[in-house]
Amino acid sequence: AGGGFLLIPTLVLLVGLPMKEAIGTSLLIISMNSLIGFTGDIGHFSIDWFFMLKISVIAIAGIFIGGALAKKMAGEKLKKGFGWFVLIMGIYIIIKETLLK
């Protein structure tokens with residue numbers, strides 16, 4: 001985990017951003033970090049450009065689907081859903097790292 005799951009609660013609780021803006025800000029920061037890392041790797045590793053294209057198409061479709069859903073969903077529901085998601089993923093990681101090793 002890169003810590004992105006901590007960024008949203010920080011933006012909401014400490015900075016006072018609305019949930020939708022905190023999610024957008026977090027995604028912008030993550031995408032900029034990814035872009036910088038990718039550009040640093042271009043000359044050093046072999047890149048499967050076709051695979052990257054497929055993943056990019058899926059991600060762009062997800063952007064449009066997420067944007068449409070965000071217009072129909074209240075920020076409070078997003079906040080509660082994000083909390084449940086983080087809790088479930090935390091439990092999954094703990095089980096995977098302790099019991100299934």
# chains A, B, ... in the order shown; residues from 1 in each chain; ligands from 1
>>> residues_around(residues="Ile30 in chain A", least_positions_apart="3", cutoff="12 Å", atoms="only C-alpha atoms", output="number ranges by chain")
A: 2-5, 7-8, 23-27, 33-37
>>> residues_around(residues="Glu76 in chain A", least_positions_apart="4", cutoff="12 Å", atoms="only C-alpha atoms", output="VMD selection string")
chain A and resid 12 18 to 20 70 80 to 83
>>> write_last_selection(atoms="all heavy atoms", output="short mmCIF file (atom, residue, chain, number, x, y, z; two decimals), in the first residue's frame")
data_model
loop_
_atom_site.label_atom_id
_atom_site.label_comp_id
_atom_site.auth_asym_id
_atom_site.auth_seq_id
_atom_site.Cartn_x
_atom_site.Cartn_y
_atom_site.Cartn_z
N VAL A 12 -10.16 15.20 3.93
CA VAL A 12 -11.52 15.46 4.42
C VAL A 12 -11.49 15.99 5.85
O VAL A 12 -12.12 17.01 6.16
CB VAL A 12 -12.38 14.18 4.34
CG1 VAL A 12 -13.72 14.36 5.04
CG2 VAL A 12 -12.61 13.79 2.88
N PRO A 18 -14.59 18.67 0.72
CA PRO A 18 -15.70 17.74 0.56
C PRO A 18 -15.19 16.41 0.02
O PRO A 18 -14.14 16.35 -0.64
CB PRO A 18 -16.61 18.43 -0.46
CG PRO A 18 -16.20 19.86 -0.47
CD PRO A 18 -14.75 19.89 -0.07
N MET A 19 -15.92 15.33 0.27
CA MET A 19 -15.47 13.98 -0.08
C MET A 19 -15.16 13.86 -1.57
O MET A 19 -14.13 13.30 -1.94
CB MET A 19 -16.55 12.96 0.32
CG MET A 19 -16.11 11.54 0.17
SD MET A 19 -14.76 11.20 1.29
CE MET A 19 -14.56 9.47 1.06
N LYS A 20 -16.01 14.37 -2.43
CA LYS A 20 -15.79 14.24 -3.87
C LYS A 20 -14.52 14.96 -4.31
O LYS A 20 -13.76 14.46 -5.14
CB LYS A 20 -17.00 14.74 -4.65
CG LYS A 20 -18.20 13.84 -4.50
CD LYS A 20 -19.37 14.34 -5.33
CE LYS A 20 -20.57 13.44 -5.15
NZ LYS A 20 -21.69 13.84 -5.98
N ALA A 70 -20.64 9.43 -9.71
CA ALA A 70 -20.40 10.48 -8.72
C ALA A 70 -21.47 11.56 -8.78
O ALA A 70 -21.81 12.17 -7.75
CB ALA A 70 -19.02 11.10 -8.92
N LYS A 80 -18.94 6.78 3.58
CA LYS A 80 -19.24 5.52 4.25
C LYS A 80 -18.72 4.33 3.42
O LYS A 80 -18.12 3.40 3.96
CB LYS A 80 -20.74 5.37 4.47
CG LYS A 80 -21.12 4.16 5.31
CD LYS A 80 -22.60 4.08 5.52
CE LYS A 80 -22.98 4.98 6.67
NZ LYS A 80 -24.37 4.79 7.10
N GLY A 81 -18.92 4.39 2.11
CA GLY A 81 -18.44 3.32 1.24
C GLY A 81 -16.92 3.21 1.26
O GLY A 81 -16.37 2.10 1.28
N PHE A 82 -16.23 4.34 1.27
CA PHE A 82 -14.78 4.33 1.33
C PHE A 82 -14.31 3.72 2.65
O PHE A 82 -13.36 2.94 2.68
CB PHE A 82 -14.23 5.74 1.17
CG PHE A 82 -12.73 5.81 1.22
CD1 PHE A 82 -11.98 5.38 0.15
CD2 PHE A 82 -12.09 6.30 2.34
CE1 PHE A 82 -10.59 5.44 0.19
CE2 PHE A 82 -10.71 6.35 2.40
CZ PHE A 82 -9.96 5.92 1.33
N GLY A 83 -14.97 4.06 3.74
CA GLY A 83 -14.61 3.50 5.04
C GLY A 83 -14.75 1.99 5.06
O GLY A 83 -13.87 1.27 5.54
#
>>> select_by_dssp(residues="chain A", states="alpha helix (DSSP H)", output="ChimeraX atom specification")
/A:4-10,19-41,49-72,75-98
>>> closest_residue(among="A:Trp84, A:Phe50, A:Leu78, A:Ile63", to="Ala22 in chain A", atoms="only C-alpha atoms")
A:Leu78
>>> atom_distance(atom1="CA of Lys79 in chain A", atom2="CA of Gly67 in chain A")
16.0 Å
>>> atom_distance(atom1="CA of Ile88 in chain A", atom2="CA of Leu6 in chain A")
14.9 Å
>>> atom_distance(atom1="CA of Ile93 in chain A", atom2="CA of Ala61 in chain A")
27.7 Å
